[in-house]
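All remarks here apply to the structure that follows.
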Amino acid sequence: MRGIEPVTAAPDQLHELRRAFGCFPSGVTAVCARNDGEPVGLAASSFTSVSMQPPLVSVCIQHTSTTWPKLREQPRLGLSVLAEGQDEICARLASKDGDRFAGTDWFASDDGSVFVDDATLWLDCTIHEEVTCGDHDIVLLRILGLSVAPDTSPLVFHASRFRRLASI
């Protein structure tokens with residue numbers, strides 16, 4: 001068994017912590033809405049189901065996000081679980097510059113939620129609660145509607161790279 005090293009706030013430790021977190025694969029989501037008629041969105045890989053009653057999911061948003069303040073003000077948010085092959089869409093949504101929706105097919109609900117076409121899951125949500133934790137906010141989203149494409153494989157993020165699921 002390997003020894004367990006203490007974690008500190010030293011820069012080299014933070015790099016190691018980021019690498020450690022990357023050992024756990026996650027799906028990738030797009031959280032999007034209309035803001036002044038235009039789509040606005042971000043990519044979040046820290047997504048998980050939370051509760052069946054009430055129906056809740058969570059995403060974690062970094063405090064330095066410049067997009068979250070725009071999304072937080074919207075009455076509805078669209079959450080799309082991105083599909084295999086949508087890595088370029090994810091990269092654009094995660095970028096700080098440029099048109100995040102360039103080359104992305106999307107659709108919107110009448111309530112302003114924006115969804116990425118050809119995803120594996122779409123959730124129409126409102127913000128239920130935000131909890132500040134460290135350098136992120138845990139955002140609990142209440143699900144108001146959904147659509148699923150269960151035969152569409154999800155995009156997986158692992159060890160700082162996009163991966164594909166394999167059948168065993």
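Chain labels follow the order of the structure tokens: the first chain is A, the next B, and so on; residue numbering restarts at 1 in every chain, and ligands are counted from 1 in their shown order.
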Residues within 7 Å of range 57-65 of chain A, please, as a PDB file with N, CA and C atoms, in the first residue's frame. Count only C-alpha atoms; anything in the same chain fewer than 4 positions from it doesn't count.
```
ATOM      1  N   ALA A  44     -19.608  22.127 -17.478  1.00  0.00           N
ATOM      2  CA  ALA A  44     -19.378  21.703 -16.092  1.00  0.00           C
ATOM      3  C   ALA A  44     -19.252  20.189 -16.062  1.00  0.00           C
ATOM      4  N   SER A  46     -18.519  18.660 -13.107  1.00  0.00           N
ATOM      5  CA  SER A  46     -18.865  18.266 -11.736  1.00  0.00           C
ATOM      6  C   SER A  46     -20.389  18.246 -11.600  1.00  0.00           C
ATOM      7  N   PHE A  47     -20.995  17.250 -12.204  1.00  0.00           N
ATOM      8  CA  PHE A  47     -22.453  17.096 -12.266  1.00  0.00           C
ATOM      9  C   PHE A  47     -22.825  15.778 -11.607  1.00  0.00           C
ATOM     10  N   THR A  48     -23.892  15.793 -10.820  1.00  0.00           N
ATOM     11  CA  THR A  48     -24.363  14.536 -10.232  1.00  0.00           C
ATOM     12  C   THR A  48     -25.847  14.628  -9.899  1.00  0.00           C
ATOM     13  N   SER A  49     -26.483  13.473  -9.865  1.00  0.00           N
ATOM     14  CA  SER A  49     -27.867  13.420  -9.391  1.00  0.00           C
ATOM     15  C   SER A  49     -27.837  13.590  -7.883  1.00  0.00           C
ATOM     16  N   VAL A  50     -28.892  14.191  -7.322  1.00  0.00           N
ATOM     17  CA  VAL A  50     -28.934  14.474  -5.888  1.00  0.00           C
ATOM     18  C   VAL A  50     -30.150  13.838  -5.233  1.00  0.00           C
ATOM     19  N   SER A  51     -31.344  14.037  -5.811  1.00  0.00           N
ATOM     20  CA  SER A  51     -32.574  13.627  -5.137  1.00  0.00           C
ATOM     21  C   SER A  51     -33.659  13.295  -6.159  1.00  0.00           C
ATOM     22  N   ASP A 135     -13.614  27.131  -3.213  1.00  0.00           N
ATOM     23  CA  ASP A 135     -13.501  28.027  -4.362  1.00  0.00           C
ATOM     24  C   ASP A 135     -14.601  27.811  -5.404  1.00  0.00           C
ATOM     25  N   HIS A 136     -15.630  27.054  -5.048  1.00  0.00           N
ATOM     26  CA  HIS A 136     -16.776  26.799  -5.927  1.00  0.00           C
ATOM     27  C   HIS A 136     -18.086  27.030  -5.184  1.00  0.00           C
ATOM     28  N   ASP A 137     -19.159  27.130  -5.959  1.00  0.00           N
ATOM     29  CA  ASP A 137     -20.517  27.072  -5.421  1.00  0.00           C
ATOM     30  C   ASP A 137     -21.121  25.765  -5.892  1.00  0.00           C
ATOM     31  N   ILE A 138     -21.775  25.056  -4.988  1.00  0.00           N
ATOM     32  CA  ILE A 138     -22.557  23.891  -5.372  1.00  0.00           C
ATOM     33  C   ILE A 138     -23.946  24.425  -5.699  1.00  0.00           C
ATOM     34  N   VAL A 139     -24.362  24.233  -6.936  1.00  0.00           N
ATOM     35  CA  VAL A 139     -25.653  24.743  -7.386  1.00  0.00           C
ATOM     36  C   VAL A 139     -26.601  23.563  -7.519  1.00  0.00           C
ATOM     37  N   LEU A 140     -27.640  23.581  -6.701  1.00  0.00           N
ATOM     38  CA  LEU A 140     -28.680  22.558  -6.784  1.00  0.00           C
ATOM     39  C   LEU A 140     -29.735  23.043  -7.757  1.00  0.00           C
ATOM     40  N   LEU A 141     -30.027  22.222  -8.750  1.00  0.00           N
ATOM     41  CA  LEU A 141     -30.998  22.554  -9.789  1.00  0.00           C
ATOM     42  C   LEU A 141     -32.205  21.645  -9.661  1.00  0.00           C
ATOM     43  N   ARG A 142     -33.382  22.253  -9.634  1.00  0.00           N
ATOM     44  CA  ARG A 142     -34.631  21.487  -9.603  1.00  0.00           C
ATOM     45  C   ARG A 142     -35.053  21.187 -11.027  1.00  0.00           C
TER      46      ARG A 142
END
```
Listing only residues of range 64-119 of chain A within 12 Å of range 147-158 of chain A, what is the closest atom pair and its distance in Å (to one decimal) for each, using only C-alpha atoms, sorted by chain and residue number ascending, as CSV?
```
residue,atom,partner,partner_atom,distance
A:Gly78,CA,A:Ser147,CA,11.2
A:Leu79,CA,A:Ser147,CA,10.7
A:Ser80,CA,A:Ser147,CA,9.7
A:Val81,CA,A:Pro154,CA,7.0
A:Leu82,CA,A:Leu155,CA,5.6
A:Ala83,CA,A:Pro154,CA,4.1
A:Glu84,CA,A:Leu155,CA,4.1
A:Gly85,CA,A:Leu155,CA,6.9
A:Gln86,CA,A:Leu155,CA,6.8
A:Asp87,CA,A:Leu155,CA,7.1
A:Glu88,CA,A:Leu155,CA,10.8
A:Ile89,CA,A:Leu155,CA,10.7
A:Cys90,CA,A:Leu155,CA,9.2
A:Ala91,CA,A:Phe157,CA,11.5
A:Phe115,CA,A:Ser147,CA,10.6
A:Asp117,CA,A:Ala149,CA,11.0
A:Asp118,CA,A:Thr152,CA,8.2
A:Ala119,CA,A:Ala149,CA,7.4
```
Export all heavy atoms of the chosen residues as a compact mmCIF listing (two decimals), in the first residue's frame?
```
# COMPACT_ATOMS: atom_id res chain seq x y z
N GLY A 78 -31.09 25.34 -19.06
CA GLY A 78 -31.05 24.05 -19.75
C GLY A 78 -29.75 23.36 -19.42
O GLY A 78 -28.68 23.96 -19.52
N LEU A 79 -29.83 22.11 -19.02
CA LEU A 79 -28.65 21.31 -18.76
C LEU A 79 -28.63 20.18 -19.77
O LEU A 79 -29.58 19.39 -19.83
CB LEU A 79 -28.66 20.77 -17.32
CG LEU A 79 -27.35 20.11 -16.90
CD1 LEU A 79 -27.06 20.45 -15.44
CD2 LEU A 79 -27.41 18.62 -17.09
N SER A 80 -27.60 20.13 -20.58
CA SER A 80 -27.43 19.07 -21.59
C SER A 80 -26.24 18.21 -21.19
O SER A 80 -25.14 18.74 -21.00
CB SER A 80 -27.16 19.67 -22.97
OG SER A 80 -28.17 20.57 -23.36
N VAL A 81 -26.45 16.90 -21.07
CA VAL A 81 -25.33 15.99 -20.85
C VAL A 81 -24.78 15.69 -22.24
O VAL A 81 -25.45 15.07 -23.07
CB VAL A 81 -25.77 14.70 -20.11
CG1 VAL A 81 -24.61 13.71 -20.03
CG2 VAL A 81 -26.29 15.03 -18.73
N LEU A 82 -23.56 16.17 -22.48
CA LEU A 82 -22.98 16.09 -23.81
C LEU A 82 -22.69 14.64 -24.21
O LEU A 82 -22.42 13.79 -23.36
CB LEU A 82 -21.71 16.93 -23.89
CG LEU A 82 -21.94 18.43 -23.67
CD1 LEU A 82 -20.62 19.18 -23.76
CD2 LEU A 82 -22.96 19.00 -24.64
N ALA A 83 -22.75 14.40 -25.51
CA ALA A 83 -22.58 13.06 -26.06
C ALA A 83 -21.18 12.87 -26.61
O ALA A 83 -20.46 13.84 -26.91
CB ALA A 83 -23.61 12.82 -27.18
N GLU A 84 -20.82 11.61 -26.74
CA GLU A 84 -19.55 11.25 -27.37
C GLU A 84 -19.44 12.01 -28.69
O GLU A 84 -20.40 12.10 -29.45
CB GLU A 84 -19.57 9.74 -27.62
CG GLU A 84 -18.31 9.15 -28.11
CD GLU A 84 -18.45 7.65 -28.23
OE1 GLU A 84 -18.38 6.96 -27.20
OE2 GLU A 84 -18.65 7.17 -29.37
N GLY A 85 -18.28 12.58 -28.94
CA GLY A 85 -18.08 13.33 -30.17
C GLY A 85 -18.37 14.82 -30.03
O GLY A 85 -18.12 15.59 -30.97
N GLN A 86 -18.89 15.25 -28.89
CA GLN A 86 -19.18 16.66 -28.69
C GLN A 86 -18.08 17.36 -27.90
O GLN A 86 -18.29 18.38 -27.27
CB GLN A 86 -20.55 16.84 -28.01
CG GLN A 86 -21.70 16.44 -28.91
CD GLN A 86 -23.06 16.72 -28.31
OE1 GLN A 86 -23.31 16.48 -27.13
NE2 GLN A 86 -23.95 17.24 -29.13
N ASP A 87 -16.86 16.83 -28.00
CA ASP A 87 -15.73 17.41 -27.26
C ASP A 87 -15.40 18.82 -27.73
O ASP A 87 -15.01 19.66 -26.92
CB ASP A 87 -14.51 16.49 -27.32
CG ASP A 87 -14.23 15.96 -28.70
OD1 ASP A 87 -15.11 15.31 -29.28
OD2 ASP A 87 -13.11 16.19 -29.18
N GLU A 88 -15.56 19.12 -29.01
CA GLU A 88 -15.29 20.49 -29.49
C GLU A 88 -16.31 21.47 -28.93
O GLU A 88 -15.96 22.60 -28.59
CB GLU A 88 -15.27 20.52 -31.02
CG GLU A 88 -14.05 19.83 -31.61
CD GLU A 88 -14.02 19.89 -33.13
OE1 GLU A 88 -14.80 20.67 -33.72
OE2 GLU A 88 -13.22 19.15 -33.71
N ILE A 89 -17.56 21.04 -28.82
CA ILE A 89 -18.59 21.89 -28.21
C ILE A 89 -18.21 22.17 -26.76
O ILE A 89 -18.28 23.32 -26.30
CB ILE A 89 -19.97 21.22 -28.30
CG1 ILE A 89 -20.42 21.13 -29.76
CG2 ILE A 89 -21.00 21.95 -27.45
CD1 ILE A 89 -21.66 20.28 -29.99
N CYS A 90 -17.80 21.14 -26.06
CA CYS A 90 -17.38 21.30 -24.67
C CYS A 90 -16.22 22.28 -24.56
O CYS A 90 -16.22 23.17 -23.70
CB CYS A 90 -17.01 19.95 -24.07
SG CYS A 90 -16.46 20.09 -22.36
N ALA A 91 -15.24 22.13 -25.41
CA ALA A 91 -14.06 23.01 -25.37
C ALA A 91 -14.46 24.46 -25.61
O ALA A 91 -13.95 25.37 -24.93
CB ALA A 91 -13.03 22.56 -26.39
N PHE A 115 -30.59 24.27 -24.95
CA PHE A 115 -30.11 22.89 -24.96
C PHE A 115 -29.25 22.63 -26.19
O PHE A 115 -29.51 23.16 -27.26
CB PHE A 115 -31.30 21.92 -24.97
CG PHE A 115 -32.26 22.12 -23.85
CD1 PHE A 115 -33.39 22.90 -24.02
CD2 PHE A 115 -32.02 21.55 -22.61
CE1 PHE A 115 -34.28 23.10 -22.97
CE2 PHE A 115 -32.90 21.74 -21.56
CZ PHE A 115 -34.04 22.52 -21.74
N ASP A 117 -28.15 20.34 -29.18
CA ASP A 117 -28.68 19.23 -29.99
C ASP A 117 -27.80 17.99 -29.85
O ASP A 117 -26.59 18.09 -29.66
CB ASP A 117 -28.70 19.62 -31.48
CG ASP A 117 -29.97 20.33 -31.89
OD1 ASP A 117 -30.97 20.30 -31.15
OD2 ASP A 117 -29.95 20.95 -32.98
N ASP A 118 -28.42 16.84 -30.00
CA ASP A 118 -27.74 15.54 -30.06
C ASP A 118 -27.03 15.14 -28.77
O ASP A 118 -26.14 14.29 -28.78
CB ASP A 118 -26.75 15.48 -31.24
CG ASP A 118 -27.45 15.71 -32.57
OD1 ASP A 118 -28.58 15.21 -32.73
OD2 ASP A 118 -26.87 16.40 -33.43
N ALA A 119 -27.43 15.74 -27.64
CA ALA A 119 -26.89 15.33 -26.35
C ALA A 119 -27.55 14.01 -25.95
O ALA A 119 -28.42 13.49 -26.65
CB ALA A 119 -27.15 16.41 -25.30
```
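CA of Gly37 in chain A lies 24.9 Å from CA of Glu129 in chain A.
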Of the candidates A:Leu123, A:Ala33, A:Leu14, A:Leu146, which shows the shortest atom-to-atom distance to Arg76 in chain A, using only C-alpha atoms? A:Ala33
Could you please write out, as a list of chain:residue names, every residue of range 3-168 of chain A that DSSP assigns to helix (DSSP H, G or I)?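 The helix (DSSP H, G or I) residues within range 3-168 of chain A come out as A:Pro11, A:Asp12, A:Gln13, A:Leu14, A:His15, A:Glu16, A:Leu17, A:Arg18, A:Arg19, A:Ala20, A:Phe21, A:Trp68, A:Pro69, A:Lys70, A:Leu71, A:Arg72, A:Asp87, A:Glu88, A:Ile89, A:Cys90, A:Ala91, A:Arg92, A:Leu93, A:Ala94.
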Using DSSP secondary structure from the backbone, list all strand (DSSP E or B) positions within range 65-154 of chain A, as a PyMOL selection string. chain A and resi 77-81+83+106-108+113-116+121-133+136-148+154
Writing out the chosen residues with N, CA and C atoms as a tab-separated table (two decimals), in the first residue's frame:
```tsv
chain	number	residue	atom	x	y	z
A	77	LEU	N	-32.86	27.24	-16.70
A	77	LEU	CA	-31.57	26.83	-17.23
A	77	LEU	C	-31.72	25.48	-17.93
A	78	GLY	N	-31.09	25.34	-19.06
A	78	GLY	CA	-31.05	24.05	-19.75
A	78	GLY	C	-29.75	23.36	-19.42
A	79	LEU	N	-29.83	22.11	-19.02
A	79	LEU	CA	-28.65	21.31	-18.76
A	79	LEU	C	-28.63	20.18	-19.77
A	80	SER	N	-27.60	20.13	-20.58
A	80	SER	CA	-27.43	19.07	-21.59
A	80	SER	C	-26.24	18.21	-21.19
A	81	VAL	N	-26.45	16.90	-21.07
A	81	VAL	CA	-25.33	15.99	-20.85
A	81	VAL	C	-24.78	15.69	-22.24
A	83	ALA	N	-22.75	14.40	-25.51
A	83	ALA	CA	-22.58	13.06	-26.06
A	83	ALA	C	-21.18	12.87	-26.61
A	106	TRP	N	-28.30	24.12	-31.46
A	106	TRP	CA	-28.97	24.21	-30.17
A	106	TRP	C	-30.42	24.59	-30.38
A	107	PHE	N	-31.20	24.38	-29.33
A	107	PHE	CA	-32.61	24.78	-29.35
A	107	PHE	C	-32.96	25.35	-27.98
A	108	ALA	N	-34.03	26.12	-27.94
A	108	ALA	CA	-34.43	26.78	-26.69
A	108	ALA	C	-35.89	26.50	-26.39
A	113	SER	N	-34.66	28.26	-21.48
A	113	SER	CA	-33.62	27.23	-21.34
A	113	SER	C	-33.03	26.96	-22.72
A	114	VAL	N	-31.72	26.78	-22.78
A	114	VAL	CA	-31.04	26.46	-24.04
A	114	VAL	C	-30.42	25.08	-23.91
A	115	PHE	N	-30.59	24.27	-24.95
A	115	PHE	CA	-30.11	22.89	-24.96
A	115	PHE	C	-29.25	22.63	-26.19
A	116	VAL	N	-28.24	21.79	-26.04
A	116	VAL	CA	-27.36	21.40	-27.14
A	116	VAL	C	-28.00	20.21	-27.86
A	121	LEU	N	-28.88	13.63	-22.72
A	121	LEU	CA	-29.91	13.97	-21.74
A	121	LEU	C	-30.09	15.47	-21.72
A	122	TRP	N	-31.35	15.90	-21.60
A	122	TRP	CA	-31.66	17.31	-21.48
A	122	TRP	C	-32.54	17.50	-20.24
A	123	LEU	N	-32.15	18.42	-19.38
A	123	LEU	CA	-32.92	18.74	-18.18
A	123	LEU	C	-33.28	20.21	-18.20
A	124	ASP	N	-34.55	20.51	-18.04
A	124	ASP	CA	-35.03	21.88	-17.93
A	124	ASP	C	-35.13	22.19	-16.44
A	125	CYS	N	-34.40	23.19	-15.97
A	125	CYS	CA	-34.22	23.38	-14.52
A	125	CYS	C	-34.43	24.83	-14.07
A	126	THR	N	-34.60	24.96	-12.78
A	126	THR	CA	-34.51	26.24	-12.08
A	126	THR	C	-33.50	26.06	-10.94
A	127	ILE	N	-32.96	27.16	-10.48
A	127	ILE	CA	-32.04	27.08	-9.35
A	127	ILE	C	-32.85	26.84	-8.08
A	128	HIS	N	-32.50	25.79	-7.37
A	128	HIS	CA	-33.15	25.43	-6.11
A	128	HIS	C	-32.41	26.06	-4.94
A	129	GLU	N	-31.06	25.97	-4.97
A	129	GLU	CA	-30.25	26.51	-3.89
A	129	GLU	C	-28.79	26.57	-4.35
A	130	GLU	N	-28.05	27.52	-3.79
A	130	GLU	CA	-26.60	27.60	-4.01
A	130	GLU	C	-25.92	27.52	-2.66
A	131	VAL	N	-24.87	26.71	-2.60
A	131	VAL	CA	-24.12	26.54	-1.36
A	131	VAL	C	-22.66	26.86	-1.67
A	132	THR	N	-22.09	27.82	-0.96
A	132	THR	CA	-20.69	28.17	-1.15
A	132	THR	C	-19.81	27.16	-0.43
A	133	CYS	N	-18.87	26.59	-1.18
A	133	CYS	CA	-17.93	25.60	-0.63
A	133	CYS	C	-16.57	25.83	-1.25
A	136	HIS	N	-15.63	27.05	-5.05
A	136	HIS	CA	-16.78	26.80	-5.93
A	136	HIS	C	-18.09	27.03	-5.18
A	137	ASP	N	-19.16	27.13	-5.96
A	137	ASP	CA	-20.52	27.07	-5.42
A	137	ASP	C	-21.12	25.77	-5.89
A	138	ILE	N	-21.78	25.06	-4.99
A	138	ILE	CA	-22.56	23.89	-5.37
A	138	ILE	C	-23.95	24.43	-5.70
A	139	VAL	N	-24.36	24.23	-6.94
A	139	VAL	CA	-25.65	24.74	-7.39
A	139	VAL	C	-26.60	23.56	-7.52
A	140	LEU	N	-27.64	23.58	-6.70
A	140	LEU	CA	-28.68	22.56	-6.78
A	140	LEU	C	-29.74	23.04	-7.76
A	141	LEU	N	-30.03	22.22	-8.75
A	141	LEU	CA	-31.00	22.55	-9.79
A	141	LEU	C	-32.21	21.65	-9.66
A	142	ARG	N	-33.38	22.25	-9.63
A	142	ARG	CA	-34.63	21.49	-9.60
A	142	ARG	C	-35.05	21.19	-11.03
A	143	ILE	N	-35.31	19.92	-11.31
A	143	ILE	CA	-35.69	19.48	-12.65
A	143	ILE	C	-37.19	19.69	-12.85
A	144	LEU	N	-37.53	20.45	-13.89
A	144	LEU	CA	-38.93	20.71	-14.23
A	144	LEU	C	-39.39	19.89	-15.43
A	145	GLY	N	-38.45	19.46	-16.25
A	145	GLY	CA	-38.75	18.67	-17.43
A	145	GLY	C	-37.50	17.98	-17.91
A	146	LEU	N	-37.69	16.91	-18.70
A	146	LEU	CA	-36.52	16.18	-19.19
A	146	LEU	C	-36.84	15.46	-20.48
A	147	SER	N	-35.76	15.13	-21.18
A	147	SER	CA	-35.82	14.29	-22.37
A	147	SER	C	-34.53	13.49	-22.40
A	148	VAL	N	-34.63	12.21	-22.75
A	148	VAL	CA	-33.46	11.34	-22.72
A	148	VAL	C	-33.24	10.66	-24.07
A	154	PRO	N	-22.44	8.98	-23.67
A	154	PRO	CA	-22.03	10.28	-23.15
A	154	PRO	C	-20.56	10.58	-23.42
```
Quick one: residues within 12 Å of Arg19 in chain A, only C-alpha atoms counted, chain neighbours fewer than 5 positions away excluded, as a ChimeraX atom specification? /A:12-14,24-25,158-161
Give me the residues near range 97-103 of chain A as a list in words, where near means some atom within 8 Å (using only C-alpha atoms) and where sequence neighbours in that chain fewer than 4 positions away do not count.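 These residues fall inside the cut-off: Pro39, Val40, Gly41, Ile89, Arg92 and Leu93 of chain A.
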Write the selection just made, keeping C-alpha atoms, as a CSV table (one decimal), in the first residue's frame?
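Output below, filename selection23.csv:
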```
chain,number,residue,atom,x,y,z
A,39,PRO,CA,-27.5,31.9,-25.9
A,40,VAL,CA,-25.0,31.9,-23.0
A,41,GLY,CA,-23.5,28.8,-21.4
A,89,ILE,CA,-18.6,21.9,-28.2
A,92,ARG,CA,-15.8,26.1,-26.8
A,93,LEU,CA,-18.2,26.2,-23.8
```
Expressed in Å to a single decimal, how great is the separation between CA of Ser95 in chain A and CA of Arg34 in chain A?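 Straight-line distance from CA of Ser95 in chain A to CA of Arg34 in chain A works out to 18.2 Å.
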Check the smallest atom-to-atom distance from each of A:Met52, A:Val28, A:Gly134, A:Asp36 to Arg163 in chain A using only C-alpha atoms, then report the winner.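 Among the listed residues, the smallest separation from Arg163 in chain A belongs to A:Val28.
Using only C-alpha atoms, the shortest contact distance between Glu73 in chain A and any of A:Asn35, A:Ser109, A:Phe21, A:Gln53 is found at A:Asn35.
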